[in-house]
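J.: As input, take run-v6.txt (compact mmCIF, N, CA and C atoms):
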# COMPACT_ATOMS: atom_id res chain seq x y z
N VAL K 96 2.74 -12.80 -22.87
CA VAL K 96 3.75 -12.62 -23.89
C VAL K 96 4.53 -11.36 -23.56
N VAL K 97 5.83 -11.44 -23.51
CA VAL K 97 6.68 -10.32 -23.18
C VAL K 97 7.04 -9.56 -24.45
N ALA K 98 7.14 -8.23 -24.36
CA ALA K 98 7.41 -7.41 -25.53
C ALA K 98 8.69 -7.82 -26.24
N SER K 99 9.70 -8.26 -25.49
CA SER K 99 10.98 -8.62 -26.12
C SER K 99 10.86 -9.89 -26.96
N THR K 100 9.82 -10.69 -26.74
CA THR K 100 9.65 -11.91 -27.54
C THR K 100 8.73 -11.70 -28.72
N LEU K 101 8.17 -10.50 -28.84
CA LEU K 101 7.25 -10.20 -29.93
C LEU K 101 8.02 -9.69 -31.14
N SER K 102 7.56 -10.06 -32.30
CA SER K 102 8.11 -9.46 -33.50
C SER K 102 7.42 -8.12 -33.69
N PRO K 103 8.01 -7.19 -34.46
CA PRO K 103 7.37 -5.90 -34.66
C PRO K 103 5.95 -6.01 -35.21
N SER K 104 5.66 -7.04 -35.98
CA SER K 104 4.30 -7.17 -36.53
C SER K 104 3.29 -7.62 -35.47
N ASP K 105 3.75 -8.17 -34.33
CA ASP K 105 2.86 -8.59 -33.26
C ASP K 105 2.42 -7.44 -32.37
N ILE K 106 3.20 -6.36 -32.31
CA ILE K 106 2.89 -5.25 -31.42
C ILE K 106 1.62 -4.56 -31.92
N GLY K 107 0.63 -4.51 -31.05
CA GLY K 107 -0.65 -3.90 -31.40
C GLY K 107 -1.56 -4.78 -32.23
N SER K 108 -1.12 -6.00 -32.50
CA SER K 108 -1.93 -6.91 -33.30
C SER K 108 -3.16 -7.36 -32.52
N ALA K 109 -4.30 -7.35 -33.18
CA ALA K 109 -5.54 -7.81 -32.54
C ALA K 109 -5.60 -9.33 -32.46
N ALA K 110 -4.73 -10.02 -33.18
CA ALA K 110 -4.77 -11.48 -33.24
C ALA K 110 -4.54 -12.13 -31.88
N ARG K 111 -3.76 -11.51 -31.01
CA ARG K 111 -3.45 -12.10 -29.70
C ARG K 111 -4.28 -11.47 -28.58
N CYS K 112 -5.36 -10.79 -28.94
CA CYS K 112 -6.15 -10.04 -27.97
C CYS K 112 -7.56 -10.60 -27.85
N ALA K 113 -8.24 -10.19 -26.78
CA ALA K 113 -9.62 -10.63 -26.53
C ALA K 113 -10.48 -9.42 -26.21
N ALA K 114 -11.78 -9.59 -26.28
CA ALA K 114 -12.72 -8.52 -25.93
C ALA K 114 -12.67 -8.26 -24.43
N LEU K 115 -13.01 -7.06 -24.04
CA LEU K 115 -13.10 -6.71 -22.63
C LEU K 115 -14.15 -7.60 -21.96
N SER K 116 -13.89 -8.02 -20.74
CA SER K 116 -14.82 -8.88 -20.00
C SER K 116 -16.22 -8.28 -19.96
N SER K 117 -17.22 -9.10 -20.14
CA SER K 117 -18.61 -8.63 -20.13
C SER K 117 -19.04 -8.11 -18.76
N GLY K 118 -18.31 -8.47 -17.71
CA GLY K 118 -18.62 -7.98 -16.37
C GLY K 118 -18.21 -6.54 -16.16
N ILE K 119 -17.46 -5.98 -17.09
CA ILE K 119 -17.02 -4.59 -16.99
C ILE K 119 -17.82 -3.76 -17.97
N SER K 120 -18.78 -3.00 -17.44
CA SER K 120 -19.69 -2.27 -18.31
C SER K 120 -19.62 -0.75 -18.14
N THR K 121 -18.85 -0.29 -17.14
CA THR K 121 -18.73 1.15 -16.90
C THR K 121 -17.28 1.52 -16.66
N ALA K 122 -16.98 2.81 -16.78
CA ALA K 122 -15.62 3.29 -16.52
C ALA K 122 -15.23 3.04 -15.07
N ASP K 123 -16.18 3.14 -14.14
CA ASP K 123 -15.88 2.88 -12.73
C ASP K 123 -15.43 1.43 -12.51
N LYS K 124 -16.12 0.49 -13.14
CA LYS K 124 -15.73 -0.93 -13.04
C LYS K 124 -14.36 -1.13 -13.68
N LEU K 125 -14.13 -0.47 -14.80
CA LEU K 125 -12.86 -0.57 -15.51
C LEU K 125 -11.72 -0.10 -14.61
N ARG K 126 -11.95 0.98 -13.89
CA ARG K 126 -10.94 1.58 -13.02
C ARG K 126 -10.54 0.62 -11.90
N GLU K 127 -11.47 -0.19 -11.42
CA GLU K 127 -11.21 -1.09 -10.30
C GLU K 127 -10.17 -2.17 -10.59
N PHE K 128 -10.01 -2.53 -11.84
CA PHE K 128 -9.18 -3.69 -12.17
C PHE K 128 -8.05 -3.36 -13.15
N LEU K 129 -7.46 -2.19 -13.04
CA LEU K 129 -6.38 -1.80 -13.94
C LEU K 129 -5.10 -2.56 -13.64
N PRO K 130 -4.25 -2.81 -14.59
CA PRO K 130 -4.45 -2.57 -16.02
C PRO K 130 -5.17 -3.75 -16.67
N HIS K 131 -5.73 -3.51 -17.82
CA HIS K 131 -6.33 -4.57 -18.63
C HIS K 131 -5.40 -4.73 -19.83
N ARG K 132 -4.84 -5.89 -20.00
CA ARG K 132 -3.86 -6.12 -21.07
C ARG K 132 -4.49 -6.89 -22.22
N ASN K 133 -4.01 -6.58 -23.43
CA ASN K 133 -4.38 -7.31 -24.66
C ASN K 133 -5.89 -7.32 -24.92
N ILE K 134 -6.45 -6.13 -24.98
CA ILE K 134 -7.87 -5.95 -25.27
C ILE K 134 -8.01 -5.55 -26.74
N ILE K 135 -8.97 -6.14 -27.41
CA ILE K 135 -9.19 -5.78 -28.81
C ILE K 135 -10.09 -4.55 -28.88
N GLY K 136 -9.73 -3.61 -29.74
CA GLY K 136 -10.52 -2.41 -29.93
C GLY K 136 -10.56 -2.04 -31.40
N THR K 137 -11.40 -1.09 -31.73
CA THR K 137 -11.55 -0.64 -33.11
C THR K 137 -11.24 0.84 -33.19
N VAL K 138 -10.39 1.22 -34.12
CA VAL K 138 -10.04 2.62 -34.31
C VAL K 138 -11.28 3.39 -34.78
N ARG K 139 -11.68 4.42 -34.02
CA ARG K 139 -12.85 5.22 -34.36
C ARG K 139 -12.47 6.53 -35.04
N ASN K 140 -11.30 7.09 -34.64
CA ASN K 140 -10.86 8.36 -35.21
C ASN K 140 -9.36 8.49 -34.99
N VAL K 141 -8.68 9.08 -35.96
CA VAL K 141 -7.25 9.35 -35.85
C VAL K 141 -7.06 10.86 -35.93
N VAL K 142 -6.38 11.43 -34.92
CA VAL K 142 -6.14 12.87 -34.85
C VAL K 142 -4.64 13.10 -34.66
N ASP K 143 -4.19 14.35 -34.68
CA ASP K 143 -2.77 14.67 -34.58
C ASP K 143 -2.09 14.07 -33.34
N PHE K 144 -2.81 14.02 -32.22
CA PHE K 144 -2.21 13.58 -30.97
C PHE K 144 -2.43 12.11 -30.64
N GLY K 145 -3.15 11.37 -31.47
CA GLY K 145 -3.36 9.94 -31.21
C GLY K 145 -4.59 9.41 -31.92
N ALA K 146 -5.10 8.31 -31.39
CA ALA K 146 -6.28 7.67 -32.00
C ALA K 146 -7.28 7.35 -30.90
N PHE K 147 -8.55 7.50 -31.22
CA PHE K 147 -9.62 7.12 -30.30
C PHE K 147 -10.06 5.70 -30.65
N ILE K 148 -10.10 4.86 -29.61
CA ILE K 148 -10.36 3.43 -29.78
C ILE K 148 -11.63 3.04 -29.04
N ASP K 149 -12.51 2.32 -29.71
CA ASP K 149 -13.74 1.79 -29.11
C ASP K 149 -13.46 0.35 -28.70
N PHE K 150 -13.71 0.03 -27.44
CA PHE K 150 -13.54 -1.35 -26.98
C PHE K 150 -14.75 -1.84 -26.19
N GLY K 151 -15.91 -1.21 -26.43
CA GLY K 151 -17.14 -1.73 -25.88
C GLY K 151 -17.78 -0.94 -24.77
N LEU K 152 -17.16 0.12 -24.29
CA LEU K 152 -17.78 0.95 -23.27
C LEU K 152 -18.36 2.20 -23.92
N GLU K 153 -19.11 2.97 -23.13
CA GLU K 153 -19.71 4.19 -23.64
C GLU K 153 -18.63 5.18 -24.12
N ASN K 154 -17.53 5.29 -23.37
CA ASN K 154 -16.44 6.20 -23.73
C ASN K 154 -15.38 5.47 -24.55
N ASP K 155 -14.90 6.11 -25.61
CA ASP K 155 -13.74 5.58 -26.33
C ASP K 155 -12.50 5.92 -25.51
N GLY K 156 -11.43 5.16 -25.71
CA GLY K 156 -10.17 5.44 -25.06
C GLY K 156 -9.23 6.17 -26.00
N LEU K 157 -8.29 6.91 -25.44
CA LEU K 157 -7.29 7.61 -26.25
C LEU K 157 -5.98 6.82 -26.24
N LEU K 158 -5.55 6.46 -27.43
CA LEU K 158 -4.23 5.87 -27.62
C LEU K 158 -3.33 7.02 -28.07
N HIS K 159 -2.64 7.63 -27.11
CA HIS K 159 -1.82 8.80 -27.39
C HIS K 159 -0.63 8.41 -28.25
N ARG K 160 -0.19 9.31 -29.11
CA ARG K 160 0.91 9.01 -30.02
C ARG K 160 2.17 8.58 -29.26
N SER K 161 2.36 9.01 -28.02
CA SER K 161 3.53 8.62 -27.23
C SER K 161 3.46 7.16 -26.78
N LYS K 162 2.28 6.53 -26.88
CA LYS K 162 2.10 5.14 -26.45
C LYS K 162 1.98 4.18 -27.64
N LEU K 163 2.46 4.62 -28.82
CA LEU K 163 2.38 3.78 -30.02
C LEU K 163 3.64 2.95 -30.26
N GLY K 164 4.72 3.26 -29.55
CA GLY K 164 5.96 2.53 -29.78
C GLY K 164 6.41 2.69 -31.22
N PRO K 165 6.72 1.57 -31.89
CA PRO K 165 7.24 1.64 -33.25
C PRO K 165 6.18 1.86 -34.33
N VAL K 166 4.91 1.88 -33.94
CA VAL K 166 3.84 2.02 -34.93
C VAL K 166 3.65 3.49 -35.28
N ASN K 167 3.56 3.78 -36.56
CA ASN K 167 3.35 5.14 -37.05
C ASN K 167 1.86 5.48 -36.94
N LEU K 168 1.56 6.64 -36.35
CA LEU K 168 0.17 7.07 -36.20
C LEU K 168 -0.55 7.10 -37.55
N GLY K 169 0.15 7.48 -38.59
CA GLY K 169 -0.45 7.56 -39.92
C GLY K 169 -0.83 6.21 -40.51
N SER K 170 -0.32 5.12 -39.92
CA SER K 170 -0.64 3.79 -40.43
C SER K 170 -1.94 3.24 -39.86
N LEU K 171 -2.51 3.91 -38.84
CA LEU K 171 -3.78 3.46 -38.26
C LEU K 171 -4.94 3.92 -39.13
N LEU K 172 -5.88 3.03 -39.35
CA LEU K 172 -7.03 3.32 -40.20
C LEU K 172 -8.33 3.22 -39.42
N VAL K 173 -9.26 4.13 -39.68
CA VAL K 173 -10.58 4.07 -39.05
C VAL K 173 -11.22 2.74 -39.42
N GLY K 174 -11.75 2.04 -38.39
CA GLY K 174 -12.37 0.73 -38.60
C GLY K 174 -11.42 -0.44 -38.39
N GLN K 175 -10.14 -0.16 -38.25
CA GLN K 175 -9.13 -1.21 -38.05
C GLN K 175 -9.21 -1.75 -36.63
N ASP K 176 -9.12 -3.08 -36.48
CA ASP K 176 -9.03 -3.69 -35.15
C ASP K 176 -7.58 -3.62 -34.71
N ILE K 177 -7.40 -3.31 -33.41
CA ILE K 177 -6.06 -3.12 -32.86
C ILE K 177 -6.03 -3.65 -31.44
N GLY K 178 -4.89 -4.11 -31.00
CA GLY K 178 -4.72 -4.59 -29.63
C GLY K 178 -4.21 -3.47 -28.75
N VAL K 179 -4.87 -3.25 -27.62
CA VAL K 179 -4.48 -2.19 -26.69
C VAL K 179 -4.43 -2.71 -25.26
N ASP K 180 -3.72 -1.96 -24.43
CA ASP K 180 -3.73 -2.14 -22.99
C ASP K 180 -4.45 -0.94 -22.40
N ILE K 181 -5.37 -1.17 -21.49
CA ILE K 181 -6.08 -0.07 -20.82
C ILE K 181 -5.27 0.27 -19.58
N LEU K 182 -4.71 1.48 -19.57
CA LEU K 182 -3.73 1.86 -18.55
C LEU K 182 -4.28 2.76 -17.46
N GLY K 183 -5.33 3.50 -17.75
CA GLY K 183 -5.82 4.43 -16.75
C GLY K 183 -7.20 4.95 -17.07
N VAL K 184 -7.90 5.39 -16.02
CA VAL K 184 -9.20 6.03 -16.15
C VAL K 184 -9.18 7.24 -15.22
N SER K 185 -9.33 8.42 -15.79
CA SER K 185 -9.30 9.64 -14.97
C SER K 185 -10.62 9.81 -14.20
N LYS K 186 -10.63 10.78 -13.31
CA LYS K 186 -11.85 11.04 -12.53
C LYS K 186 -13.02 11.44 -13.41
N ASP K 187 -12.74 12.06 -14.57
CA ASP K 187 -13.82 12.42 -15.49
C ASP K 187 -14.00 11.36 -16.58
N ASN K 188 -13.55 10.14 -16.28
CA ASN K 188 -13.75 8.94 -17.10
C ASN K 188 -13.07 8.96 -18.47
N LYS K 189 -11.98 9.72 -18.60
CA LYS K 189 -11.17 9.66 -19.80
C LYS K 189 -10.27 8.43 -19.67
N ILE K 190 -10.23 7.63 -20.72
CA ILE K 190 -9.55 6.33 -20.67
C ILE K 190 -8.24 6.42 -21.45
N SER K 191 -7.15 6.05 -20.78
CA SER K 191 -5.82 6.11 -21.36
C SER K 191 -5.39 4.71 -21.82
N LEU K 192 -4.89 4.63 -23.04
CA LEU K 192 -4.51 3.35 -23.63
C LEU K 192 -3.05 3.33 -24.03
N GLY K 193 -2.50 2.14 -24.14
CA GLY K 193 -1.18 1.92 -24.71
C GLY K 193 -1.30 0.79 -25.72
N LEU K 194 -0.38 0.71 -26.62
CA LEU K 194 -0.41 -0.36 -27.62
C LEU K 194 -0.08 -1.69 -26.96
N ALA K 195 -0.88 -2.72 -27.22
CA ALA K 195 -0.67 -4.04 -26.62
C ALA K 195 0.71 -4.57 -27.01
N GLY K 196 1.36 -5.21 -26.05
CA GLY K 196 2.66 -5.81 -26.30
C GLY K 196 3.83 -4.95 -25.86
N LEU K 197 3.56 -3.69 -25.50
CA LEU K 197 4.64 -2.79 -25.09
C LEU K 197 4.74 -2.65 -23.57
N ASN K 198 3.73 -3.13 -22.84
CA ASN K 198 3.72 -3.16 -21.38
C ASN K 198 4.01 -1.82 -20.71
N PHE K 199 3.26 -0.79 -21.11
CA PHE K 199 3.37 0.50 -20.45
C PHE K 199 2.85 0.38 -19.03
N PRO K 200 3.39 1.17 -18.09
CA PRO K 200 2.89 1.12 -16.71
C PRO K 200 1.50 1.75 -16.61
N VAL K 201 0.82 1.46 -15.52
CA VAL K 201 -0.51 2.01 -15.25
C VAL K 201 -0.41 3.53 -15.09
N ASP K 202 -1.32 4.28 -15.71
CA ASP K 202 -1.38 5.74 -15.61
C ASP K 202 -2.26 6.21 -14.47
N ASP K 203 -3.10 5.34 -13.96
CA ASP K 203 -4.15 5.73 -13.03
C ASP K 203 -3.60 6.01 -11.64
N ALA K 204 -3.73 7.24 -11.15
CA ALA K 204 -3.24 7.63 -9.84
C ALA K 204 -3.92 6.83 -8.73
N ASP K 205 -5.23 6.59 -8.86
CA ASP K 205 -5.95 5.83 -7.84
C ASP K 205 -5.43 4.40 -7.77
N ALA K 206 -5.12 3.79 -8.91
CA ALA K 206 -4.58 2.42 -8.91
C ALA K 206 -3.22 2.39 -8.23
N LYS K 207 -2.41 3.44 -8.43
CA LYS K 207 -1.10 3.50 -7.77
C LYS K 207 -1.28 3.60 -6.27
N LYS K 208 -2.26 4.43 -5.82
CA LYS K 208 -2.53 4.57 -4.39
C LYS K 208 -2.99 3.24 -3.80
N ARG K 209 -3.88 2.53 -4.52
CA ARG K 209 -4.34 1.21 -4.03
C ARG K 209 -3.16 0.27 -3.90
N SER K 210 -2.27 0.31 -4.86
CA SER K 210 -1.10 -0.56 -4.84
C SER K 210 -0.20 -0.24 -3.65
N LEU K 211 0.03 1.05 -3.39
CA LEU K 211 0.85 1.47 -2.26
C LEU K 211 0.21 1.08 -0.94
N SER K 212 -1.10 1.32 -0.81
CA SER K 212 -1.76 1.05 0.46
C SER K 212 -1.80 -0.44 0.76
N SER K 213 -1.97 -1.28 -0.27
CA SER K 213 -1.97 -2.71 0.01
C SER K 213 -0.58 -3.22 0.32
N ALA K 214 0.45 -2.55 -0.18
CA ALA K 214 1.82 -2.93 0.14
C ALA K 214 2.12 -2.60 1.60
N ASN K 215 1.47 -1.57 2.15
CA ASN K 215 1.64 -1.20 3.55
C ASN K 215 0.75 -2.03 4.47
N GLY K 216 -0.11 -2.84 3.90
CA GLY K 216 -0.97 -3.70 4.68
C GLY K 216 -2.27 -3.05 5.12
N LYS K 217 -2.47 -1.80 4.76
CA LYS K 217 -3.69 -1.10 5.15
C LYS K 217 -4.32 -0.53 3.90
N ILE K 218 -5.51 -0.94 3.62
CA ILE K 218 -6.19 -0.46 2.43
C ILE K 218 -6.79 0.91 2.71
N GLY K 219 -6.49 1.87 1.82
CA GLY K 219 -7.07 3.19 1.92
C GLY K 219 -6.26 4.19 2.71
N ASP K 220 -5.20 3.78 3.41
CA ASP K 220 -4.40 4.72 4.18
C ASP K 220 -3.37 5.47 3.34
N GLY K 221 -2.98 4.93 2.21
CA GLY K 221 -1.97 5.57 1.37
C GLY K 221 -0.59 5.44 1.98
N PRO K 222 0.35 6.26 1.54
CA PRO K 222 1.71 6.20 2.08
C PRO K 222 1.73 6.50 3.58
N VAL K 223 2.66 5.89 4.30
CA VAL K 223 2.77 6.05 5.74
C VAL K 223 3.73 7.20 6.02
N SER K 224 3.32 8.14 6.89
CA SER K 224 4.17 9.28 7.23
C SER K 224 5.35 8.82 8.08
N LYS K 225 6.39 9.66 8.17
CA LYS K 225 7.58 9.31 8.96
C LYS K 225 7.22 9.12 10.43
N LYS K 226 6.30 9.96 10.96
CA LYS K 226 5.90 9.83 12.36
C LYS K 226 5.27 8.47 12.64
N LYS K 227 4.41 8.01 11.75
CA LYS K 227 3.73 6.72 11.94
C LYS K 227 4.73 5.57 11.86
N ARG K 228 5.76 5.71 11.03
CA ARG K 228 6.73 4.62 10.87
C ARG K 228 7.57 4.45 12.11
N ARG K 229 7.81 5.50 12.88
CA ARG K 229 8.67 5.42 14.06
C ARG K 229 8.04 4.68 15.21
N LYS K 230 6.73 4.60 15.23
CA LYS K 230 6.02 3.96 16.35
C LYS K 230 6.24 2.49 16.37
Just give me the structure of the file as structure tokens.
T.:
Amino acid sequence: VVASTLSPSDIGSAARCAALSSGISTADKLREFLPHRNIIGTVRNVVDFGAFIDFGLENDGLLHRSKLGPVNLGSLLVGQDIGVDILGVSKDNKISLGLAGLNFPVDDADAKKRSLSSANGKIGDGPVSKKKRRK
């Protein structure tokens, strides 16, 4: 579902979302398959800078206020089910979320590197230097 086809009430709605795959049980596994779109989570805490969302792993994810789109942070309630996209996992296993339906890009630097290296045809080499390209 594309964000432009969603009504404002569909953005972040848990109705169009599913639980995280049971095969993903750790932050490391989560990092391997970014992004995860339309995952159902439960609001655990709301703070000035965003909301912490539980979606079945040991660590809650942070839905930063900048990734809420049209939804007001004050409208989120502890215990509320919400649809999120899992966008990134830092090296210290902090999980970055965006509101489902808004299609934010992946935040994870390692995922970007994997994407670049597979585009170059070599996994793990990263971007190709100018010297290597001339050969």
J.: Enumerate the residues of region 105-196 of chain K with a DSSP assignment of strand (DSSP E or B), computed from the backbone, and present them as a PyMOL selection string.
T.: chain K and resi 113+131-142+145-149+156-159+176-184+190-194
J.: Calculate how many Å separate CA of Ser185 (chain K) from CA of Cys112 (chain K), rounding to one decimal.
T.: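 Separation of CA of Ser185 (chain K) and CA of Cys112 (chain K): 23.8 Å.
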J.: With distances taken over only N, CA and C atoms, which residue among K:Ile134, K:Leu163, K:Val142, K:Leu125 lies nearest Val184 (chain K)?
T.: K:Leu125
J.: For atom N of Asp123 (chain K) and CA of Gly174 (chain K), quote the distance in Å rounded to one decimal.
T.: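 If I compute the distance from atom N of Asp123 (chain K) to CA of Gly174 (chain K), I get 24.9 Å.
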J.: I want to know what sits within 6.5 Å of Val201 (chain K), based on only N, CA and C atoms, with residues of the same chain fewer than 5 positions away left out; could you give that as a PyMOL selection string?
T.: chain K and resi 130+182-183
J.: Counting only C-alpha atoms, select every polymer residue within 12 Å of (-19.9, 1.5, -26.0) as defined in the file's coordinates, and provide the selection as a PDB file with N, CA and C atoms, keeping the file's coordinate frame.
T.:
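Written out: point02.pdb:
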ATOM      1  N   LEU K 115     -13.010  -7.060 -24.040  1.00  0.00           N
ATOM      2  CA  LEU K 115     -13.100  -6.710 -22.630  1.00  0.00           C
ATOM      3  C   LEU K 115     -14.150  -7.600 -21.960  1.00  0.00           C
ATOM      4  N   SER K 117     -17.220  -9.100 -20.140  1.00  0.00           N
ATOM      5  CA  SER K 117     -18.610  -8.630 -20.130  1.00  0.00           C
ATOM      6  C   SER K 117     -19.040  -8.110 -18.760  1.00  0.00           C
ATOM      7  N   ILE K 119     -17.460  -5.980 -17.090  1.00  0.00           N
ATOM      8  CA  ILE K 119     -17.020  -4.590 -16.990  1.00  0.00           C
ATOM      9  C   ILE K 119     -17.820  -3.760 -17.970  1.00  0.00           C
ATOM     10  N   SER K 120     -18.780  -3.000 -17.440  1.00  0.00           N
ATOM     11  CA  SER K 120     -19.690  -2.270 -18.310  1.00  0.00           C
ATOM     12  C   SER K 120     -19.620  -0.750 -18.140  1.00  0.00           C
ATOM     13  N   THR K 121     -18.850  -0.290 -17.140  1.00  0.00           N
ATOM     14  CA  THR K 121     -18.730   1.150 -16.900  1.00  0.00           C
ATOM     15  C   THR K 121     -17.280   1.520 -16.660  1.00  0.00           C
ATOM     16  N   ALA K 122     -16.980   2.810 -16.780  1.00  0.00           N
ATOM     17  CA  ALA K 122     -15.620   3.290 -16.520  1.00  0.00           C
ATOM     18  C   ALA K 122     -15.230   3.040 -15.070  1.00  0.00           C
ATOM     19  N   GLY K 136      -9.730  -3.610 -29.740  1.00  0.00           N
ATOM     20  CA  GLY K 136     -10.520  -2.410 -29.930  1.00  0.00           C
ATOM     21  C   GLY K 136     -10.560  -2.040 -31.400  1.00  0.00           C
ATOM     22  N   THR K 137     -11.400  -1.090 -31.730  1.00  0.00           N
ATOM     23  CA  THR K 137     -11.550  -0.640 -33.110  1.00  0.00           C
ATOM     24  C   THR K 137     -11.240   0.840 -33.190  1.00  0.00           C
ATOM     25  N   ARG K 139     -11.680   4.420 -34.020  1.00  0.00           N
ATOM     26  CA  ARG K 139     -12.850   5.220 -34.360  1.00  0.00           C
ATOM     27  C   ARG K 139     -12.470   6.530 -35.040  1.00  0.00           C
ATOM     28  N   ILE K 148     -10.100   4.860 -29.610  1.00  0.00           N
ATOM     29  CA  ILE K 148     -10.360   3.430 -29.780  1.00  0.00           C
ATOM     30  C   ILE K 148     -11.630   3.040 -29.040  1.00  0.00           C
ATOM     31  N   ASP K 149     -12.510   2.320 -29.710  1.00  0.00           N
ATOM     32  CA  ASP K 149     -13.740   1.790 -29.110  1.00  0.00           C
ATOM     33  C   ASP K 149     -13.460   0.350 -28.700  1.00  0.00           C
ATOM     34  N   PHE K 150     -13.710   0.030 -27.440  1.00  0.00           N
ATOM     35  CA  PHE K 150     -13.540  -1.350 -26.980  1.00  0.00           C
ATOM     36  C   PHE K 150     -14.750  -1.840 -26.190  1.00  0.00           C
ATOM     37  N   GLY K 151     -15.910  -1.210 -26.430  1.00  0.00           N
ATOM     38  CA  GLY K 151     -17.140  -1.730 -25.880  1.00  0.00           C
ATOM     39  C   GLY K 151     -17.780  -0.940 -24.770  1.00  0.00           C
ATOM     40  N   LEU K 152     -17.160   0.120 -24.290  1.00  0.00           N
ATOM     41  CA  LEU K 152     -17.780   0.950 -23.270  1.00  0.00           C
ATOM     42  C   LEU K 152     -18.360   2.200 -23.920  1.00  0.00           C
ATOM     43  N   GLU K 153     -19.110   2.970 -23.130  1.00  0.00           N
ATOM     44  CA  GLU K 153     -19.710   4.190 -23.640  1.00  0.00           C
ATOM     45  C   GLU K 153     -18.630   5.180 -24.120  1.00  0.00           C
ATOM     46  N   ASN K 154     -17.530   5.290 -23.370  1.00  0.00           N
ATOM     47  CA  ASN K 154     -16.440   6.200 -23.730  1.00  0.00           C
ATOM     48  C   ASN K 154     -15.380   5.470 -24.550  1.00  0.00           C
ATOM     49  N   ASP K 155     -14.900   6.110 -25.610  1.00  0.00           N
ATOM     50  CA  ASP K 155     -13.740   5.580 -26.330  1.00  0.00           C
ATOM     51  C   ASP K 155     -12.500   5.920 -25.510  1.00  0.00           C
ATOM     52  N   GLY K 156     -11.430   5.160 -25.710  1.00  0.00           N
ATOM     53  CA  GLY K 156     -10.170   5.440 -25.060  1.00  0.00           C
ATOM     54  C   GLY K 156      -9.230   6.170 -26.000  1.00  0.00           C
TER      55      GLY K 156
END
J.: Counting all atoms listed in the file, note down every residue that has an atom within 8 Å of the point (-4.8, 9.6, -31.8) (file coordinates), as a ChimeraX atom specification.
T.: /K:140-148,157-160,168
J.: Could you please determine the separation between CA of Gly118 (chain K) and CA of Ala195 (chain K) in Å, to one decimal place?
T.: 21.0 Å
J.: Ranking K:Ile181, K:Gly164, K:Val173, K:Asp187 by minimum distance to Pro200 (chain K) and counting only N, CA and C atoms, which one comes first?
T.: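 Smallest separation from Pro200 (chain K) among the options: K:Ile181.
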